[in-house]
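Down below is the structure, laid out as structure tokens.
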Amino acid sequence: MTPMQRKVYGHLPDGRPVHEYTMDNGRGLRLSAITYGGIVTRLEVPDARGESANVVLGLPTLDDYVLRNPHFGVIVGRYGNRIANAAFRLDGERHALVANDGSNCLHGGTRGFGLQLWQAEAESDSCLRFELDSPDGDQGFPGRLRAVVRYRLVEDMGWQVEYEATTDKPTVVNLTHHDYFNLAGRGSALGHELQIAGSRYCEVDATAIPTAIAPVAGTPFDFREPQVIEARLRHGHPQLRHGKGYDHNWVLDAPFDGQLHLAARLRDPVSGRSMEVLTTEPAMQFYSGNFLDGSLLGSGGEFYRQGDGICLETQHNPDSPNRAVSEEWPSTVLRPGEVYVSRTLHRFGAR
């Protein structure tokens, strides 16, 4: 492990400095992240020949991240994914949220955690700690929430994201991370092979709000065995029309018991790079980069087009605050005296 590095990345419009931290395990895994949004700007991983490439999509400058970032690499909160009609009831009280996705609240609203300046410090050369104090009423969410997120490089070429949160009033929390992965390092990610450890997924309406939990068997949502994404993406299934591709939540088969369980495997057959995603969360959103339209210039000097990166967002089900709690719909409520805890591990390999 090499010493963690810190430098000024830029300044926000109000003059506040944004810092970039870089961790390097000395064996080819190198992660850079900035204090604005906790954004992972680069994640370098070696291929089968030992040659490293950046496997997450990024933007060239801080101004780009402030003005036009489609959630590349951010910490998402307070609530990852969508809450229908930008409102929910908790303990009999209705809470109106900021609507930023039609009538819905997406990824915490117009000033979600990915658009805020976090405090950061190096806890060690392999662990970077972020902290954010979200006030009562932030984007309509009740309670003052203190969030702590750690990026940790672990053995076996792993990057682990560790989430903690506490509140002074009952609220809802669903933190996740929004990296767009491309294990080839450039070009399209749709030739990757994907496996998802879930036999059920959330069918959605035209606004991407879940309507039912359905079996994947016999549908293009069956990734229980590795499948080339592009081969499934062009299927004429009505669910794929809603989001112009995959933008759906899988209910994972593993028990929701606080332990790390396999959620997905992703592999690029050309470079040989692979990634396993393990999580303590009960679900995962797979998004196939459907709305990348060639208008964004990436940090590598190329314009990003549809499918150039895919997201695997570990989480609770979308719109959970508006659903009765059950085994399929675990609660996202956090109360004073409780601690929200979640972990997701990305384990990289090459062969």
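Chain labels run A, B, ... following the order of the structure tokens; each chain numbers its residues from 1, and ligands are numbered from 1 in the order shown.
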
Inset, instruction - Find the residues near Asp308 of chain A: any atom within 7 Å, counting only C-alpha atoms, skip ones fewer than 6 places away on the same chain, and give them as a list of chain:residue names. - result: A:Asn182, A:Gly187, A:Ser188, A:Ala189, A:Gly289

Could you build a table of the residues in segment 1-116 of chain A lying no more than 12 Å from segment 248-265 of chain A, giving for each the nearest pair of atoms and their separation in Å rounded to one decimal place, using only C-alpha atoms, ordered by chain and ascending residue number, as a Markdown table?
```
| residue | atom | partner | partner_atom | distance |
| --- | --- | --- | --- | --- |
| A:Gly80 | CA | A:Asn249 | CA | 11.6 |
| A:Asn81 | CA | A:Asn249 | CA | 9.4 |
| A:Arg82 | CA | A:Asn249 | CA | 10.9 |
```

Report the residues of segment 126-194 of chain A whose backbone DSSP state falls under strand (DSSP E), written as a tab-separated table (two decimals) with all heavy atoms, in the first residue's frame.
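Now in out08.tsv:
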```tsv
chain	number	residue	atom	x	y	z
A	127	CYS	N	-7.95	3.74	3.65
A	127	CYS	CA	-9.32	4.06	4.04
A	127	CYS	C	-9.54	5.57	4.03
A	127	CYS	O	-8.86	6.31	4.77
A	127	CYS	CB	-9.66	3.49	5.41
A	127	CYS	SG	-11.37	3.80	5.92
A	128	LEU	N	-10.49	6.01	3.21
A	128	LEU	CA	-10.86	7.41	3.10
A	128	LEU	C	-12.26	7.59	3.67
A	128	LEU	O	-13.20	6.91	3.24
A	128	LEU	CB	-10.81	7.85	1.62
A	128	LEU	CG	-11.25	9.28	1.29
A	128	LEU	CD1	-10.39	10.30	2.02
A	128	LEU	CD2	-11.18	9.50	-0.22
A	129	ARG	N	-12.41	8.51	4.61
A	129	ARG	CA	-13.67	8.72	5.33
A	129	ARG	C	-14.33	10.01	4.87
A	129	ARG	O	-13.69	11.08	4.89
A	129	ARG	CB	-13.40	8.77	6.83
A	129	ARG	CG	-14.64	8.97	7.71
A	129	ARG	CD	-14.17	9.06	9.16
A	129	ARG	NE	-15.27	9.03	10.11
A	129	ARG	CZ	-15.91	10.12	10.54
A	129	ARG	NH1	-15.55	11.32	10.10
A	129	ARG	NH2	-16.89	10.00	11.43
A	130	PHE	N	-15.61	9.94	4.47
A	130	PHE	CA	-16.40	11.11	4.11
A	130	PHE	C	-17.48	11.31	5.17
A	130	PHE	O	-18.04	10.34	5.69
A	130	PHE	CB	-17.08	10.92	2.76
A	130	PHE	CG	-16.15	10.91	1.57
A	130	PHE	CD1	-15.67	9.72	1.06
A	130	PHE	CD2	-15.77	12.10	0.97
A	130	PHE	CE1	-14.83	9.71	-0.03
A	130	PHE	CE2	-14.92	12.09	-0.13
A	130	PHE	CZ	-14.45	10.90	-0.64
A	131	GLU	N	-17.82	12.57	5.44
A	131	GLU	CA	-18.87	12.87	6.40
A	131	GLU	C	-19.72	14.03	5.89
A	131	GLU	O	-19.20	15.01	5.33
A	131	GLU	CB	-18.28	13.23	7.76
A	131	GLU	CG	-19.33	13.47	8.83
A	131	GLU	CD	-18.73	13.68	10.21
A	131	GLU	OE1	-17.58	13.23	10.43
A	131	GLU	OE2	-19.41	14.28	11.06
A	132	LEU	N	-21.05	13.90	6.05
A	132	LEU	CA	-21.98	14.94	5.63
A	132	LEU	C	-23.06	15.09	6.70
A	132	LEU	O	-23.62	14.10	7.17
A	132	LEU	CB	-22.63	14.58	4.29
A	132	LEU	CG	-23.59	15.61	3.70
A	132	LEU	CD1	-22.81	16.85	3.24
A	132	LEU	CD2	-24.36	15.02	2.53
A	133	ASP	N	-23.37	16.33	7.05
A	133	ASP	CA	-24.43	16.64	8.00
A	133	ASP	C	-25.59	17.22	7.20
A	133	ASP	O	-25.52	18.34	6.70
A	133	ASP	CB	-23.92	17.66	9.02
A	133	ASP	CG	-24.84	17.77	10.23
A	133	ASP	OD1	-25.99	17.31	10.15
A	133	ASP	OD2	-24.39	18.33	11.26
A	134	SER	N	-26.67	16.45	7.06
A	134	SER	CA	-27.83	16.85	6.28
A	134	SER	C	-28.90	17.39	7.24
A	134	SER	O	-29.38	16.65	8.10
A	134	SER	CB	-28.37	15.66	5.49
A	134	SER	OG	-29.58	15.96	4.84
A	145	LEU	N	-29.73	14.32	9.58
A	145	LEU	CA	-29.06	13.04	9.32
A	145	LEU	C	-27.55	13.27	9.23
A	145	LEU	O	-27.08	14.13	8.48
A	145	LEU	CB	-29.56	12.44	8.00
A	145	LEU	CG	-29.09	11.01	7.73
A	145	LEU	CD1	-30.02	10.02	8.42
A	145	LEU	CD2	-29.04	10.73	6.23
A	146	ARG	N	-26.82	12.48	9.99
A	146	ARG	CA	-25.36	12.51	9.90
A	146	ARG	C	-24.93	11.24	9.18
A	146	ARG	O	-25.16	10.14	9.66
A	146	ARG	CB	-24.73	12.57	11.29
A	146	ARG	CG	-23.20	12.57	11.27
A	146	ARG	CD	-22.64	12.76	12.68
A	146	ARG	NE	-21.19	12.64	12.70
A	146	ARG	CZ	-20.53	11.51	12.96
A	146	ARG	NH1	-21.22	10.41	13.25
A	146	ARG	NH2	-19.21	11.47	12.96
A	147	ALA	N	-24.32	11.41	8.01
A	147	ALA	CA	-23.90	10.29	7.18
A	147	ALA	C	-22.38	10.19	7.16
A	147	ALA	O	-21.69	11.20	7.03
A	147	ALA	CB	-24.43	10.44	5.76
A	148	VAL	N	-21.89	8.98	7.29
A	148	VAL	CA	-20.46	8.69	7.18
A	148	VAL	C	-20.29	7.59	6.14
A	148	VAL	O	-20.97	6.55	6.21
A	148	VAL	CB	-19.85	8.24	8.52
A	148	VAL	CG1	-18.40	7.82	8.34
A	148	VAL	CG2	-19.97	9.35	9.55
A	149	VAL	N	-19.44	7.82	5.15
A	149	VAL	CA	-19.17	6.83	4.10
A	149	VAL	C	-17.66	6.64	4.01
A	149	VAL	O	-16.91	7.62	3.92
A	149	VAL	CB	-19.74	7.28	2.74
A	149	VAL	CG1	-19.42	6.25	1.66
A	149	VAL	CG2	-21.25	7.51	2.84
A	150	ARG	N	-17.25	5.40	4.03
A	150	ARG	CA	-15.82	5.08	3.91
A	150	ARG	C	-15.55	4.33	2.61
A	150	ARG	O	-16.29	3.40	2.27
A	150	ARG	CB	-15.35	4.22	5.09
A	150	ARG	CG	-15.31	4.95	6.41
A	150	ARG	CD	-14.91	4.02	7.55
A	150	ARG	NE	-14.73	4.73	8.82
A	150	ARG	CZ	-15.72	4.99	9.67
A	150	ARG	NH1	-16.96	4.56	9.39
A	150	ARG	NH2	-15.48	5.64	10.78
A	151	TYR	N	-14.49	4.74	1.91
A	151	TYR	CA	-13.96	3.99	0.78
A	151	TYR	C	-12.72	3.27	1.30
A	151	TYR	O	-11.77	3.91	1.76
A	151	TYR	CB	-13.56	4.90	-0.38
A	151	TYR	CG	-14.69	5.68	-1.01
A	151	TYR	CD1	-14.41	6.74	-1.86
A	151	TYR	CD2	-16.03	5.38	-0.76
A	151	TYR	CE1	-15.43	7.46	-2.47
A	151	TYR	CE2	-17.05	6.10	-1.35
A	151	TYR	CZ	-16.74	7.14	-2.21
A	151	TYR	OH	-17.75	7.86	-2.79
A	152	ARG	N	-12.73	1.95	1.18
A	152	ARG	CA	-11.64	1.16	1.75
A	152	ARG	C	-11.11	0.19	0.70
A	152	ARG	O	-11.89	-0.57	0.09
A	152	ARG	CB	-12.14	0.39	2.97
A	152	ARG	CG	-11.03	-0.28	3.79
A	152	ARG	CD	-11.61	-1.14	4.90
A	152	ARG	NE	-12.49	-0.42	5.80
A	152	ARG	CZ	-12.09	0.25	6.87
A	152	ARG	NH1	-10.80	0.29	7.17
A	152	ARG	NH2	-12.97	0.87	7.66
A	153	LEU	N	-9.80	0.20	0.49
A	153	LEU	CA	-9.17	-0.82	-0.34
A	153	LEU	C	-8.86	-2.01	0.55
A	153	LEU	O	-8.22	-1.87	1.60
A	153	LEU	CB	-7.89	-0.29	-0.99
A	153	LEU	CG	-8.03	0.90	-1.95
A	153	LEU	CD1	-6.70	1.17	-2.66
A	153	LEU	CD2	-9.14	0.68	-2.97
A	154	VAL	N	-9.32	-3.18	0.13
A	154	VAL	CA	-9.16	-4.38	0.94
A	154	VAL	C	-8.39	-5.42	0.15
A	154	VAL	O	-8.10	-5.25	-1.04
A	154	VAL	CB	-10.54	-4.94	1.37
A	154	VAL	CG1	-11.29	-3.92	2.21
A	154	VAL	CG2	-11.38	-5.33	0.17
A	158	GLY	N	-9.90	-5.50	-3.79
A	158	GLY	CA	-11.26	-5.09	-3.51
A	158	GLY	C	-11.38	-3.62	-3.10
A	158	GLY	O	-10.48	-3.06	-2.46
A	159	TRP	N	-12.48	-3.03	-3.51
A	159	TRP	CA	-12.88	-1.69	-3.05
A	159	TRP	C	-14.21	-1.83	-2.34
A	159	TRP	O	-15.20	-2.23	-2.94
A	159	TRP	CB	-12.99	-0.72	-4.23
A	159	TRP	CG	-13.71	0.55	-3.89
A	159	TRP	CD1	-13.55	1.32	-2.78
A	159	TRP	CD2	-14.73	1.20	-4.67
A	159	TRP	NE1	-14.40	2.40	-2.81
A	159	TRP	CE2	-15.13	2.36	-3.97
A	159	TRP	CE3	-15.33	0.91	-5.90
A	159	TRP	CZ2	-16.11	3.22	-4.44
A	159	TRP	CZ3	-16.31	1.77	-6.36
A	159	TRP	CH2	-16.68	2.92	-5.65
A	160	GLN	N	-14.22	-1.49	-1.05
A	160	GLN	CA	-15.43	-1.62	-0.25
A	160	GLN	C	-15.97	-0.23	0.10
A	160	GLN	O	-15.21	0.66	0.50
A	160	GLN	CB	-15.16	-2.41	1.03
A	160	GLN	CG	-16.40	-2.66	1.88
A	160	GLN	CD	-16.21	-3.78	2.87
A	160	GLN	OE1	-16.44	-4.95	2.56
A	160	GLN	NE2	-15.78	-3.44	4.07
A	161	VAL	N	-17.29	-0.07	-0.04
A	161	VAL	CA	-17.97	1.16	0.37
A	161	VAL	C	-18.77	0.83	1.62
A	161	VAL	O	-19.60	-0.09	1.62
A	161	VAL	CB	-18.90	1.69	-0.73
A	161	VAL	CG1	-19.46	3.05	-0.33
A	161	VAL	CG2	-18.16	1.80	-2.06
A	162	GLU	N	-18.53	1.58	2.69
A	162	GLU	CA	-19.17	1.34	3.98
A	162	GLU	C	-19.99	2.56	4.37
A	162	GLU	O	-19.47	3.69	4.42
A	162	GLU	CB	-18.10	1.06	5.04
A	162	GLU	CG	-17.19	-0.10	4.68
A	162	GLU	CD	-15.93	-0.18	5.52
A	162	GLU	OE1	-15.75	0.67	6.42
A	162	GLU	OE2	-15.10	-1.08	5.26
A	163	TYR	N	-21.26	2.36	4.65
A	163	TYR	CA	-22.18	3.46	4.95
A	163	TYR	C	-22.65	3.37	6.39
A	163	TYR	O	-22.97	2.29	6.88
A	163	TYR	CB	-23.43	3.39	4.05
A	163	TYR	CG	-23.18	3.29	2.57
A	163	TYR	CD1	-23.03	2.04	1.95
A	163	TYR	CD2	-23.14	4.42	1.76
A	163	TYR	CE1	-22.84	1.94	0.59
A	163	TYR	CE2	-22.95	4.34	0.39
A	163	TYR	CZ	-22.81	3.09	-0.19
A	163	TYR	OH	-22.61	2.97	-1.55
A	164	GLU	N	-22.75	4.53	7.05
A	164	GLU	CA	-23.36	4.65	8.36
A	164	GLU	C	-24.19	5.93	8.39
A	164	GLU	O	-23.84	6.91	7.73
A	164	GLU	CB	-22.32	4.70	9.48
A	164	GLU	CG	-21.49	3.46	9.66
A	164	GLU	CD	-20.46	3.61	10.77
A	164	GLU	OE1	-20.55	4.62	11.52
A	164	GLU	OE2	-19.58	2.75	10.89
A	165	ALA	N	-25.28	5.93	9.15
A	165	ALA	CA	-26.08	7.14	9.30
A	165	ALA	C	-26.85	7.09	10.61
A	165	ALA	O	-27.28	6.02	11.05
A	165	ALA	CB	-27.04	7.32	8.13
A	166	THR	N	-27.03	8.26	11.21
A	166	THR	CA	-27.87	8.41	12.40
A	166	THR	C	-28.77	9.62	12.20
A	166	THR	O	-28.49	10.51	11.40
A	166	THR	CB	-27.01	8.61	13.67
A	166	THR	OG1	-26.14	9.74	13.48
A	166	THR	CG2	-26.19	7.37	13.97
A	167	THR	N	-29.87	9.67	12.96
A	167	THR	CA	-30.85	10.74	12.81
A	167	THR	C	-31.38	11.16	14.17
A	167	THR	O	-31.32	10.40	15.14
A	167	THR	CB	-32.02	10.27	11.92
A	167	THR	OG1	-32.94	11.34	11.72
A	167	THR	CG2	-32.76	9.10	12.55
A	171	THR	N	-36.94	9.01	10.01
A	171	THR	CA	-36.75	9.38	8.61
A	171	THR	C	-36.58	8.12	7.79
A	171	THR	O	-36.70	7.00	8.31
A	171	THR	CB	-35.53	10.32	8.47
A	171	THR	OG1	-35.51	10.87	7.14
A	171	THR	CG2	-34.22	9.61	8.74
A	172	VAL	N	-36.34	8.27	6.50
A	172	VAL	CA	-36.04	7.13	5.63
A	172	VAL	C	-34.66	7.34	5.02
A	172	VAL	O	-34.26	8.47	4.71
A	172	VAL	CB	-37.09	6.93	4.52
A	172	VAL	CG1	-38.43	6.56	5.14
A	172	VAL	CG2	-37.22	8.16	3.65
A	176	THR	N	-26.59	4.63	-1.60
A	176	THR	CA	-25.95	3.75	-2.58
A	176	THR	C	-24.87	4.53	-3.32
A	176	THR	O	-24.61	5.70	-3.01
A	176	THR	CB	-26.97	3.14	-3.56
A	176	THR	OG1	-26.32	2.15	-4.36
A	176	THR	CG2	-27.59	4.20	-4.46
A	177	HIS	N	-24.24	3.88	-4.28
A	177	HIS	CA	-23.18	4.50	-5.08
A	177	HIS	C	-23.53	4.34	-6.54
A	177	HIS	O	-24.11	3.34	-6.94
A	177	HIS	CB	-21.83	3.86	-4.76
A	177	HIS	CG	-20.69	4.83	-4.83
A	177	HIS	ND1	-20.05	5.13	-6.00
A	177	HIS	CD2	-20.09	5.57	-3.87
A	177	HIS	CE1	-19.10	6.03	-5.76
A	177	HIS	NE2	-19.10	6.31	-4.46
A	178	HIS	N	-23.16	5.34	-7.35
A	178	HIS	CA	-23.66	5.42	-8.73
A	178	HIS	C	-22.52	5.45	-9.74
A	178	HIS	O	-22.47	6.33	-10.61
A	178	HIS	CB	-24.54	6.66	-8.88
A	178	HIS	CG	-25.60	6.53	-9.94
A	178	HIS	ND1	-25.31	6.45	-11.28
A	178	HIS	CD2	-26.95	6.46	-9.84
A	178	HIS	CE1	-26.43	6.36	-11.97
A	178	HIS	NE2	-27.45	6.35	-11.12
A	193	GLU	N	-20.30	-9.52	-20.10
A	193	GLU	CA	-21.15	-10.59	-19.61
A	193	GLU	C	-21.58	-10.25	-18.18
A	193	GLU	O	-20.75	-9.91	-17.34
A	193	GLU	CB	-20.39	-11.91	-19.61
A	193	GLU	CG	-19.95	-12.36	-21.00
A	193	GLU	CD	-18.97	-13.51	-20.95
A	193	GLU	OE1	-18.55	-13.90	-19.82
A	193	GLU	OE2	-18.60	-14.02	-22.01
A	194	LEU	N	-22.87	-10.34	-17.92
A	194	LEU	CA	-23.43	-9.97	-16.62
A	194	LEU	C	-24.18	-11.14	-16.02
A	194	LEU	O	-24.94	-11.83	-16.72
A	194	LEU	CB	-24.38	-8.78	-16.77
A	194	LEU	CG	-25.13	-8.34	-15.50
A	194	LEU	CD1	-24.17	-7.83	-14.43
A	194	LEU	CD2	-26.16	-7.26	-15.85
```

Legend entry - helix (DSSP H, G or I) residues, from DSSP on the backbone, in segment 108-316 of chain A, as number ranges by chain: A: 113-115, 138-140, 229-233, 238-242

Inset, instruction - Quick one: everything within 8 Å of segment 312-323 of chain A, counting only C-alpha atoms, minus sequence neighbours fewer than 3 positions away in the same chain. Send it as a PyMOL selection string. - result: chain A and resi 80-84+88-90+172+174-180+209-210+249+251+279+281-287+329-333+344

Mind checking which residues fall within 7 Å of Met275 of chain A, counting only C-alpha atoms, ignoring those fewer than 5 positions away in the same chain, and posting them as a PDB file with N, CA and C atoms, in the first residue's frame?
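Full text of selection06.pdb as output:
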```pdb
ATOM      1  N   ARG A 265     -21.973 -10.472 -10.989  1.00  0.00           N
ATOM      2  CA  ARG A 265     -20.647 -10.623 -11.595  1.00  0.00           C
ATOM      3  C   ARG A 265     -20.681  -9.956 -12.961  1.00  0.00           C
ATOM      4  N   LEU A 266     -19.621  -9.210 -13.261  1.00  0.00           N
ATOM      5  CA  LEU A 266     -19.488  -8.535 -14.548  1.00  0.00           C
ATOM      6  C   LEU A 266     -18.129  -8.883 -15.122  1.00  0.00           C
ATOM      7  N   ARG A 267     -18.079  -9.182 -16.436  1.00  0.00           N
ATOM      8  CA  ARG A 267     -16.808  -9.577 -17.056  1.00  0.00           C
ATOM      9  C   ARG A 267     -16.717  -9.019 -18.462  1.00  0.00           C
ATOM     10  N   HIS A 346     -16.649  -4.351  -4.068  1.00  0.00           N
ATOM     11  CA  HIS A 346     -16.353  -4.594  -5.482  1.00  0.00           C
ATOM     12  C   HIS A 346     -15.007  -5.317  -5.535  1.00  0.00           C
ATOM     13  N   ARG A 347     -15.017  -6.545  -6.013  1.00  0.00           N
ATOM     14  CA  ARG A 347     -13.807  -7.362  -6.034  1.00  0.00           C
ATOM     15  C   ARG A 347     -13.394  -7.608  -7.475  1.00  0.00           C
ATOM     16  N   PHE A 348     -12.184  -7.165  -7.830  1.00  0.00           N
ATOM     17  CA  PHE A 348     -11.738  -7.191  -9.221  1.00  0.00           C
ATOM     18  C   PHE A 348     -10.760  -8.342  -9.477  1.00  0.00           C
ATOM     19  N   GLY A 349     -10.796  -8.828 -10.706  1.00  0.00           N
ATOM     20  CA  GLY A 349      -9.886  -9.878 -11.128  1.00  0.00           C
ATOM     21  C   GLY A 349      -9.608  -9.742 -12.619  1.00  0.00           C
TER      22      GLY A 349
END
```

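Comparing the minimum interatomic distances between Tyr79 of chain A and each of A:Ser52, A:Gln139, A:Ser326, A:Ser32, counting only C-alpha atoms, we find that A:Gln139 sits nearest.
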
Legend entry - Long-range neighbours of Val98 of chain A as a list in words, 12 Å cut-off, only C-alpha atoms, 4 positions minimum in chain: Arg78, Tyr79, Arg82, Ile83, Ala84, Asn85, Ala86, Ala87, Phe88, Gly102, Ser103, Asn104, Cys105, Leu106, His107, Gly108, Gly109, Thr110, Arg111, Gly112, Gly137, Asp138, Gln139, Gly140 and Phe141 of chain A

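Atom CA of Asp293 of chain A sits 19.7 Å away from atom CA of Thr207 of chain A.
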
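Distances from A:Arg27, A:Gly245, A:Val270, A:Thr211 to Ala231 of chain A were compared using only C-alpha atoms, and the smallest one belongs to A:Gly245.
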
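The shortest atom-to-atom distance to Val228 of chain A, with only C-alpha atoms taken into account, belongs to A:Asp268 out of A:Glu328, A:Asp168, A:Asp247, A:Asp268.
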
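Each of A:Leu62, A:Cys202, A:Val40, A:Val45 was checked against Ile75 of chain A using only C-alpha atoms; the smallest atom-to-atom distance is that of A:Val40.
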
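Comparing A:Ser288, A:Ala206, A:Gly294, A:Val173 by their smallest distance to Ser342 of chain A, the closest is A:Val173 (using only C-alpha atoms).
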
Inset, instruction - For Lys7 of chain A, please output as JSON, numbers by chain all residues within 12 Å (counting only C-alpha atoms; exclusion window: fewer than 6 positions along the same chain). - result: {"A": [17, 18, 19, 20, 21, 22, 32, 33, 34, 35]}

Inset, instruction - List the neighbours of Arg234 of chain A out to 12 Å using only C-alpha atoms; skip same-chain residues closer than 2 positions along the sequence, and give me the result as a count of residues only. - result: 18

Inset, instruction - Determine the nearest neighbour of Pro3 of chain A from the options A:Arg186, A:Arg30, A:Arg68, A:His242, counting only C-alpha atoms. - result: A:Arg30
